[in-house]
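Engineer: The structure is given below, and queries will be raised subsequently.
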Amino acid sequence: MADDALFDLPTPAGADLDVTTDLHLTGGLRVAVDHTFGTAERIPLDDTSWVDHVHGWLAGDQALMDMLMAEAEWEQRSRWMYTREVTEPRLTAEYPVIAQAPHPVLHYLAAALTAHYGRSFTHLWMNWYRDHNDGTGWHADRPADRQAEAVIPVLSLGASRRFLIRPEVGGKSRTILTHGGDLVVMGGRTQRDYRHSVPQQKPAAGPRLSLNFSIDPPRRSRRDATRHDNGSGPREQARADLSG
Ligand SMILES: O=C(O)CCC(=O)C(=O)O
Ligand SMILES: [Fe+2]
């Protein structure tokens, strides 16, 4: 993308992590996170908004992905877009209270994020992008977009995909290339002042899951949990804001 600044380091650390030490915490799953966040790259968007890209934060992403694809309760959601109901181009599974999720590994991940970012990540929603035809349009995460600041960690599993971020008022987008095991954390005023998306794309891509964490109490449905527009520009964003 000519107008994108590309932020990517091709050196995943996950392969070096010892997946045997934390087995009692991961429910026996051969995964491990880098508790030191040693590969974190802080990307300042402006004076008050930032994104951390933690390269290869999780080792064993495929094992986690296989387990979640088989065992989480995935659903196909639809949403009203202006005047018509559209099927979301992805599957969703949600744990409004992570502590009640039947997979210990999710508690392990939330605890590691909580320890590092100093806030209690209690709520998880997950997306399953079946292939390159799936994606998520420009949006900010609710209700974080109404808060003075927020921290939203997003863990990627499986296929590499482009995660875009652009100012709420429109303008150039930045591309963060997420590989399986990478963590992307949006912080500061990012939810207020920026929008993010994972675009559908032409190049073929295999399945990808994203695990999105927040501190916010459970909401009735995913429909309430994000603010979407149709991705085509500030005018549509303004209309989406009005209708939201
Ligand atoms: O899949 C991703 O990387 C991001 C998903 C997202 O932004 C969301 O579900 O709110
Ligand atoms: Fe989001």
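Following the order of the structure tokens, chains are lettered A, B, ..., residues in each are numbered from 1, and ligands are numbered from 1.
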Please identify the alpha helix (DSSP H) residues within range 98-240 of chain A (assignment by DSSP from backbone atoms) and present them as a list in words.

Structural biologist: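 Taking range 98-240 of chain A and keeping alpha helix (DSSP H) only, one gets Pro104, Val105, Leu106, His107, Tyr108, Leu109, Ala110, Ala111, Ala112, Leu113, Thr114, Ala115, His116, Tyr117, Thr190, Gln191, Arg192, Asp193, Arg222, Arg223, Asp224, Ala225, Pro234, Arg235, Glu236, Gln237, Ala238, Arg239 and Ala240 of chain A.
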
Engineer: Save the residues we just selected, N, CA and C atoms, as a PDB file, in the first residue's frame?

Structural biologist:
ATOM      1  N   PRO A 104      -8.370 -22.909  30.829  1.00  0.00           N
ATOM      2  CA  PRO A 104      -7.393 -22.260  31.721  1.00  0.00           C
ATOM      3  C   PRO A 104      -6.430 -21.360  30.973  1.00  0.00           C
ATOM      4  N   VAL A 105      -6.106 -21.716  29.739  1.00  0.00           N
ATOM      5  CA  VAL A 105      -5.119 -20.931  28.995  1.00  0.00           C
ATOM      6  C   VAL A 105      -5.588 -19.485  28.804  1.00  0.00           C
ATOM      7  N   LEU A 106      -6.883 -19.267  28.752  1.00  0.00           N
ATOM      8  CA  LEU A 106      -7.393 -17.894  28.596  1.00  0.00           C
ATOM      9  C   LEU A 106      -7.156 -17.095  29.875  1.00  0.00           C
ATOM     10  N   HIS A 107      -7.253 -17.769  31.028  1.00  0.00           N
ATOM     11  CA  HIS A 107      -6.953 -17.091  32.297  1.00  0.00           C
ATOM     12  C   HIS A 107      -5.455 -16.740  32.337  1.00  0.00           C
ATOM     13  N   TYR A 108      -4.653 -17.671  31.847  1.00  0.00           N
ATOM     14  CA  TYR A 108      -3.194 -17.485  31.810  1.00  0.00           C
ATOM     15  C   TYR A 108      -2.828 -16.261  30.962  1.00  0.00           C
ATOM     16  N   LEU A 109      -3.453 -16.137  29.787  1.00  0.00           N
ATOM     17  CA  LEU A 109      -3.169 -15.001  28.903  1.00  0.00           C
ATOM     18  C   LEU A 109      -3.618 -13.690  29.550  1.00  0.00           C
ATOM     19  N   ALA A 110      -4.845 -13.699  30.097  1.00  0.00           N
ATOM     20  CA  ALA A 110      -5.379 -12.475  30.710  1.00  0.00           C
ATOM     21  C   ALA A 110      -4.513 -12.050  31.892  1.00  0.00           C
ATOM     22  N   ALA A 111      -4.050 -13.022  32.667  1.00  0.00           N
ATOM     23  CA  ALA A 111      -3.215 -12.695  33.835  1.00  0.00           C
ATOM     24  C   ALA A 111      -1.893 -12.073  33.399  1.00  0.00           C
ATOM     25  N   ALA A 112      -1.304 -12.600  32.332  1.00  0.00           N
ATOM     26  CA  ALA A 112      -0.024 -12.052  31.850  1.00  0.00           C
ATOM     27  C   ALA A 112      -0.206 -10.619  31.351  1.00  0.00           C
ATOM     28  N   LEU A 113      -1.323 -10.360  30.665  1.00  0.00           N
ATOM     29  CA  LEU A 113      -1.594  -9.001  30.170  1.00  0.00           C
ATOM     30  C   LEU A 113      -1.878  -8.059  31.330  1.00  0.00           C
ATOM     31  N   THR A 114      -2.633  -8.552  32.309  1.00  0.00           N
ATOM     32  CA  THR A 114      -2.979  -7.756  33.484  1.00  0.00           C
ATOM     33  C   THR A 114      -1.718  -7.370  34.256  1.00  0.00           C
ATOM     34  N   ALA A 115      -0.802  -8.328  34.413  1.00  0.00           N
ATOM     35  CA  ALA A 115       0.429  -8.061  35.164  1.00  0.00           C
ATOM     36  C   ALA A 115       1.258  -6.979  34.466  1.00  0.00           C
ATOM     37  N   HIS A 116       1.291  -7.014  33.144  1.00  0.00           N
ATOM     38  CA  HIS A 116       2.145  -6.070  32.425  1.00  0.00           C
ATOM     39  C   HIS A 116       1.520  -4.683  32.296  1.00  0.00           C
ATOM     40  N   TYR A 117       0.239  -4.642  31.986  1.00  0.00           N
ATOM     41  CA  TYR A 117      -0.399  -3.340  31.703  1.00  0.00           C
ATOM     42  C   TYR A 117      -1.089  -2.741  32.925  1.00  0.00           C
ATOM     43  N   THR A 190      -6.267   6.043  21.722  1.00  0.00           N
ATOM     44  CA  THR A 190      -6.435   5.429  20.401  1.00  0.00           C
ATOM     45  C   THR A 190      -7.901   5.135  20.083  1.00  0.00           C
ATOM     46  N   GLN A 191      -8.662   4.657  21.051  1.00  0.00           N
ATOM     47  CA  GLN A 191     -10.067   4.324  20.749  1.00  0.00           C
ATOM     48  C   GLN A 191     -10.911   5.578  20.484  1.00  0.00           C
ATOM     49  N   ARG A 192     -10.536   6.680  21.081  1.00  0.00           N
ATOM     50  CA  ARG A 192     -11.279   7.935  20.852  1.00  0.00           C
ATOM     51  C   ARG A 192     -10.873   8.595  19.546  1.00  0.00           C
ATOM     52  N   ASP A 193      -9.576   8.642  19.289  1.00  0.00           N
ATOM     53  CA  ASP A 193      -9.062   9.500  18.219  1.00  0.00           C
ATOM     54  C   ASP A 193      -8.714   8.748  16.936  1.00  0.00           C
ATOM     55  N   ARG A 222     -22.111  -8.568  21.012  1.00  0.00           N
ATOM     56  CA  ARG A 222     -21.001  -8.006  20.258  1.00  0.00           C
ATOM     57  C   ARG A 222     -21.456  -6.770  19.481  1.00  0.00           C
ATOM     58  N   ARG A 223     -22.730  -6.768  19.080  1.00  0.00           N
ATOM     59  CA  ARG A 223     -23.280  -5.641  18.330  1.00  0.00           C
ATOM     60  C   ARG A 223     -23.116  -4.346  19.128  1.00  0.00           C
ATOM     61  N   ASP A 224     -23.182  -4.495  20.466  1.00  0.00           N
ATOM     62  CA  ASP A 224     -23.013  -3.323  21.308  1.00  0.00           C
ATOM     63  C   ASP A 224     -21.543  -3.011  21.571  1.00  0.00           C
ATOM     64  N   ALA A 225     -20.684  -3.946  21.216  1.00  0.00           N
ATOM     65  CA  ALA A 225     -19.307  -3.834  21.686  1.00  0.00           C
ATOM     66  C   ALA A 225     -18.388  -3.112  20.710  1.00  0.00           C
ATOM     67  N   PRO A 234     -14.534   9.414   6.012  1.00  0.00           N
ATOM     68  CA  PRO A 234     -14.995  10.204   7.150  1.00  0.00           C
ATOM     69  C   PRO A 234     -16.491  10.506   7.115  1.00  0.00           C
ATOM     70  N   ARG A 235     -17.047  10.699   5.938  1.00  0.00           N
ATOM     71  CA  ARG A 235     -18.475  11.021   5.889  1.00  0.00           C
ATOM     72  C   ARG A 235     -19.305   9.853   6.443  1.00  0.00           C
ATOM     73  N   GLU A 236     -18.923   8.645   5.975  1.00  0.00           N
ATOM     74  CA  GLU A 236     -19.623   7.470   6.474  1.00  0.00           C
ATOM     75  C   GLU A 236     -19.387   7.295   7.970  1.00  0.00           C
ATOM     76  N   GLN A 237     -18.142   7.631   8.394  1.00  0.00           N
ATOM     77  CA  GLN A 237     -17.847   7.520   9.816  1.00  0.00           C
ATOM     78  C   GLN A 237     -18.763   8.450  10.606  1.00  0.00           C
ATOM     79  N   ALA A 238     -18.913   9.668  10.120  1.00  0.00           N
ATOM     80  CA  ALA A 238     -19.758  10.629  10.822  1.00  0.00           C
ATOM     81  C   ALA A 238     -21.189  10.106  10.906  1.00  0.00           C
ATOM     82  N   ARG A 239     -21.672   9.530   9.811  1.00  0.00           N
ATOM     83  CA  ARG A 239     -23.034   8.994   9.843  1.00  0.00           C
ATOM     84  C   ARG A 239     -23.129   7.821  10.806  1.00  0.00           C
ATOM     85  N   ALA A 240     -22.069   6.980  10.801  1.00  0.00           N
ATOM     86  CA  ALA A 240     -22.083   5.845  11.723  1.00  0.00           C
ATOM     87  C   ALA A 240     -22.091   6.351  13.160  1.00  0.00           C
TER      88      ALA A 240
END

Engineer: Taking only residues of chain A that have an atom at most 8 Å from an atom of ligand 2, what is each one's shortest atom pair and its distance in Å to one decimal, using only C-alpha atoms and all ligand atoms, in chain and number order, as a Markdown table?

Structural biologist:
| residue | atom | partner | partner_atom_place_in_ligand_line | distance |
| --- | --- | --- | --- | --- |
| A:His139 | CA | ligand 2 | 1 (Fe) | 6.3 |
| A:Ala140 | CA | ligand 2 | 1 (Fe) | 5.6 |
| A:Asp141 | CA | ligand 2 | 1 (Fe) | 4.8 |
| A:His196 | CA | ligand 2 | 1 (Fe) | 6.3 |
| A:Ser197 | CA | ligand 2 | 1 (Fe) | 7.0 |
| A:Asn212 | CA | ligand 2 | 1 (Fe) | 7.5 |
| A:Thr226 | CA | ligand 2 | 1 (Fe) | 6.6 |

Engineer: Chain A near ligand 1 within 9 Å: what's each residue's closest atom pair and its distance in Å to one decimal, counting only C-alpha atoms and all ligand atoms, ordered by chain then ascending residue number, as a tab-separated table?

Structural biologist:
residue	atom	partner	partner_atom_place_in_ligand_line	distance
A:Thr92	CA	ligand 1	9 (O)	8.5
A:Trp125	CA	ligand 1	9 (O)	7.1
A:Met126	CA	ligand 1	9 (O)	6.9
A:Asn127	CA	ligand 1	1 (O)	6.0
A:Trp128	CA	ligand 1	1 (O)	7.9
A:Tyr129	CA	ligand 1	1 (O)	7.8
A:Gly135	CA	ligand 1	1 (O)	7.5
A:Thr136	CA	ligand 1	5 (C)	6.4
A:Gly137	CA	ligand 1	7 (O)	8.3
A:Trp138	CA	ligand 1	7 (O)	8.3
A:His139	CA	ligand 1	7 (O)	7.2
A:Ala140	CA	ligand 1	10 (O)	7.0
A:Asp141	CA	ligand 1	10 (O)	5.6
A:Arg142	CA	ligand 1	10 (O)	8.5
A:Val154	CA	ligand 1	3 (O)	6.0
A:Leu155	CA	ligand 1	3 (O)	7.3
A:Ser156	CA	ligand 1	3 (O)	6.4
A:Arg161	CA	ligand 1	3 (O)	8.0
A:Arg162	CA	ligand 1	3 (O)	8.2
A:Phe163	CA	ligand 1	3 (O)	6.0
A:Leu164	CA	ligand 1	3 (O)	8.9
A:Thr178	CA	ligand 1	3 (O)	7.8
A:Val184	CA	ligand 1	3 (O)	7.8
A:Arg195	CA	ligand 1	7 (O)	9.0
A:His196	CA	ligand 1	7 (O)	6.2
A:Ser197	CA	ligand 1	7 (O)	5.9
A:Val198	CA	ligand 1	2 (C)	5.9
A:Arg208	CA	ligand 1	1 (O)	8.1
A:Leu209	CA	ligand 1	1 (O)	6.9
A:Ser210	CA	ligand 1	1 (O)	4.6
A:Leu211	CA	ligand 1	1 (O)	7.3
A:Asn212	CA	ligand 1	9 (O)	6.4
A:Arg222	CA	ligand 1	9 (O)	8.7
A:Ala225	CA	ligand 1	10 (O)	7.7
A:Thr226	CA	ligand 1	10 (O)	6.1
A:Arg227	CA	ligand 1	10 (O)	8.6

Engineer: Just want the 10 Å neighbourhood of His123 in chain A, counted on only C-alpha atoms, with same-chain residues fewer than 6 positions away dropped. Output as a VMD selection string.

Structural biologist: chain A and resid 94 to 99 110 212 to 219

Engineer: List the neighbours of Val31 in chain A out to 6 Å using only C-alpha atoms; skip same-chain residues closer than 2 positions along the sequence, and give me the result as a ChimeraX atom specification.

Structural biologist: /A:19,29,59-60

Engineer: Choose the residue, out of A:Leu17, A:Leu91, A:Leu25, A:Ala204, that has the smallest atom-to-atom separation from Asp61 in chain A; count only C-alpha atoms.

Structural biologist: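 Among the listed residues, the smallest separation from Asp61 in chain A belongs to A:Leu17.
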
Engineer: Write out as a PyMOL selection string all residues of range 23-236 of chain A that backbone DSSP assigns to strand (DSSP E).

Structural biologist: chain A and resi 32-33+40-44+49-54+58-59+78-81+84-87+91-95+123-129+136-141+152-158+161-167+174-178+183-188+194-198+208-214+226-228

Engineer: Find the residues around Trp57 in chain A up to 12 Å (only C-alpha atoms counted), leave out those fewer than 6 positions away in its own chain, and share them as an MDAnalysis selection string.

Structural biologist: chainID A and resid 11:17 31:41 109 112:113 153:157 178:185

Engineer: Would you mind exporting the chosen residues as an mmCIF file, in the first residue's frame, restricted to N, CA and C atoms?

Structural biologist:
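Contents of again.cif, freshly written:
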data_model
loop_
_atom_site.group_PDB
_atom_site.id
_atom_site.type_symbol
_atom_site.label_atom_id
_atom_site.label_comp_id
_atom_site.auth_asym_id
_atom_site.auth_seq_id
_atom_site.Cartn_x
_atom_site.Cartn_y
_atom_site.Cartn_z
ATOM 1 N N THR A 11 11.273 -10.764 13.211
ATOM 2 C CA THR A 11 12.012 -11.620 14.137
ATOM 3 C C THR A 11 11.137 -12.065 15.295
ATOM 4 N N PRO A 12 10.246 -13.049 15.072
ATOM 5 C CA PRO A 12 9.399 -13.504 16.165
ATOM 6 C C PRO A 12 10.220 -14.137 17.276
ATOM 7 N N ALA A 13 9.889 -13.780 18.519
ATOM 8 C CA ALA A 13 10.633 -14.315 19.654
ATOM 9 C C ALA A 13 10.012 -15.601 20.161
ATOM 10 N N GLY A 14 8.741 -15.829 19.786
ATOM 11 C CA GLY A 14 7.994 -16.934 20.371
ATOM 12 C C GLY A 14 8.695 -18.273 20.265
ATOM 13 N N ALA A 15 9.403 -18.496 19.170
ATOM 14 C CA ALA A 15 10.033 -19.789 18.944
ATOM 15 C C ALA A 15 11.029 -20.126 20.050
ATOM 16 N N ASP A 16 11.580 -19.090 20.704
ATOM 17 C CA ASP A 16 12.597 -19.334 21.731
ATOM 18 C C ASP A 16 11.999 -19.602 23.108
ATOM 19 N N LEU A 17 10.703 -19.371 23.272
ATOM 20 C CA LEU A 17 10.121 -19.486 24.606
ATOM 21 C C LEU A 17 10.011 -20.942 25.025
ATOM 22 N N VAL A 31 1.778 -23.930 25.054
ATOM 23 C CA VAL A 31 1.920 -22.521 24.682
ATOM 24 C C VAL A 31 2.628 -21.792 25.825
ATOM 25 N N ALA A 32 3.245 -20.658 25.507
ATOM 26 C CA ALA A 32 3.875 -19.831 26.541
ATOM 27 C C ALA A 32 3.938 -18.396 26.037
ATOM 28 N N VAL A 33 3.835 -17.460 26.963
ATOM 29 C CA VAL A 33 3.977 -16.063 26.573
ATOM 30 C C VAL A 33 5.301 -15.523 27.102
ATOM 31 N N ASP A 34 5.759 -14.449 26.507
ATOM 32 C CA ASP A 34 6.971 -13.771 26.962
ATOM 33 C C ASP A 34 6.569 -12.771 28.042
ATOM 34 N N HIS A 35 6.728 -13.183 29.303
ATOM 35 C CA HIS A 35 6.315 -12.315 30.414
ATOM 36 C C HIS A 35 7.124 -11.023 30.474
ATOM 37 N N THR A 36 8.274 -10.982 29.807
ATOM 38 C CA THR A 36 9.100 -9.770 29.827
ATOM 39 C C THR A 36 8.671 -8.754 28.753
ATOM 40 N N PHE A 37 7.834 -9.167 27.820
ATOM 41 C CA PHE A 37 7.442 -8.292 26.704
ATOM 42 C C PHE A 37 8.684 -7.708 26.032
ATOM 43 N N GLY A 38 9.720 -8.548 25.939
ATOM 44 C CA GLY A 38 11.022 -8.078 25.464
ATOM 45 C C GLY A 38 11.027 -7.610 24.017
ATOM 46 N N THR A 39 10.077 -8.081 23.204
ATOM 47 C CA THR A 39 10.074 -7.690 21.788
ATOM 48 C C THR A 39 9.062 -6.582 21.505
ATOM 49 N N ALA A 40 8.579 -5.934 22.567
ATOM 50 C CA ALA A 40 7.561 -4.883 22.370
ATOM 51 C C ALA A 40 8.154 -3.700 21.612
ATOM 52 N N GLU A 41 7.441 -3.278 20.594
ATOM 53 C CA GLU A 41 7.810 -2.090 19.823
ATOM 54 C C GLU A 41 6.694 -1.076 20.058
ATOM 55 N N LEU A 109 -3.453 -16.137 29.787
ATOM 56 C CA LEU A 109 -3.169 -15.001 28.903
ATOM 57 C C LEU A 109 -3.618 -13.690 29.550
ATOM 58 N N ALA A 112 -1.304 -12.600 32.332
ATOM 59 C CA ALA A 112 -0.024 -12.052 31.850
ATOM 60 C C ALA A 112 -0.206 -10.619 31.351
ATOM 61 N N LEU A 113 -1.323 -10.360 30.665
ATOM 62 C CA LEU A 113 -1.594 -9.001 30.170
ATOM 63 C C LEU A 113 -1.878 -8.059 31.330
ATOM 64 N N PRO A 153 -5.707 -5.021 24.350
ATOM 65 C CA PRO A 153 -4.758 -5.962 23.726
ATOM 66 C C PRO A 153 -5.482 -6.897 22.751
ATOM 67 N N VAL A 154 -4.845 -7.139 21.608
ATOM 68 C CA VAL A 154 -5.391 -8.044 20.588
ATOM 69 C C VAL A 154 -4.296 -9.062 20.231
ATOM 70 N N LEU A 155 -4.560 -10.329 20.519
ATOM 71 C CA LEU A 155 -3.598 -11.399 20.232
ATOM 72 C C LEU A 155 -3.989 -12.100 18.930
ATOM 73 N N SER A 156 -3.033 -12.228 18.015
ATOM 74 C CA SER A 156 -3.271 -12.871 16.715
ATOM 75 C C SER A 156 -2.794 -14.318 16.726
ATOM 76 N N LEU A 157 -3.591 -15.197 16.153
ATOM 77 C CA LEU A 157 -3.216 -16.604 15.982
ATOM 78 C C LEU A 157 -3.397 -16.963 14.520
ATOM 79 N N THR A 178 0.350 -8.384 11.280
ATOM 80 C CA THR A 178 0.294 -9.267 12.453
ATOM 81 C C THR A 178 0.545 -10.710 12.020
ATOM 82 N N HIS A 179 1.495 -11.342 12.681
ATOM 83 C CA HIS A 179 1.767 -12.765 12.481
ATOM 84 C C HIS A 179 1.181 -13.541 13.655
ATOM 85 N N GLY A 180 0.984 -14.841 13.461
ATOM 86 C CA GLY A 180 0.488 -15.679 14.551
ATOM 87 C C GLY A 180 1.408 -15.566 15.767
ATOM 88 N N GLY A 181 0.837 -15.265 16.923
ATOM 89 C CA GLY A 181 1.620 -15.107 18.142
ATOM 90 C C GLY A 181 1.918 -13.662 18.481
ATOM 91 N N ASP A 182 1.658 -12.744 17.541
ATOM 92 C CA ASP A 182 1.900 -11.314 17.807
ATOM 93 C C ASP A 182 0.777 -10.726 18.661
ATOM 94 N N LEU A 183 1.167 -9.759 19.449
ATOM 95 C CA LEU A 183 0.205 -9.017 20.256
ATOM 96 C C LEU A 183 0.216 -7.567 19.762
ATOM 97 N N VAL A 184 -0.966 -7.011 19.520
ATOM 98 C CA VAL A 184 -1.086 -5.590 19.185
ATOM 99 C C VAL A 184 -1.942 -4.961 20.283
ATOM 100 N N VAL A 185 -1.409 -3.954 20.944
ATOM 101 C CA VAL A 185 -2.114 -3.346 22.072
ATOM 102 C C VAL A 185 -2.357 -1.875 21.754
#

Engineer: Go through A:Val86, A:Ala93, A:Ile176, A:Leu58 and flag the residue nearest Glu73 in chain A, using only C-alpha atoms for the distances.

Structural biologist: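 Among A:Val86, A:Ala93, A:Ile176, A:Leu58, it is A:Ala93 that comes nearest to Glu73 in chain A.
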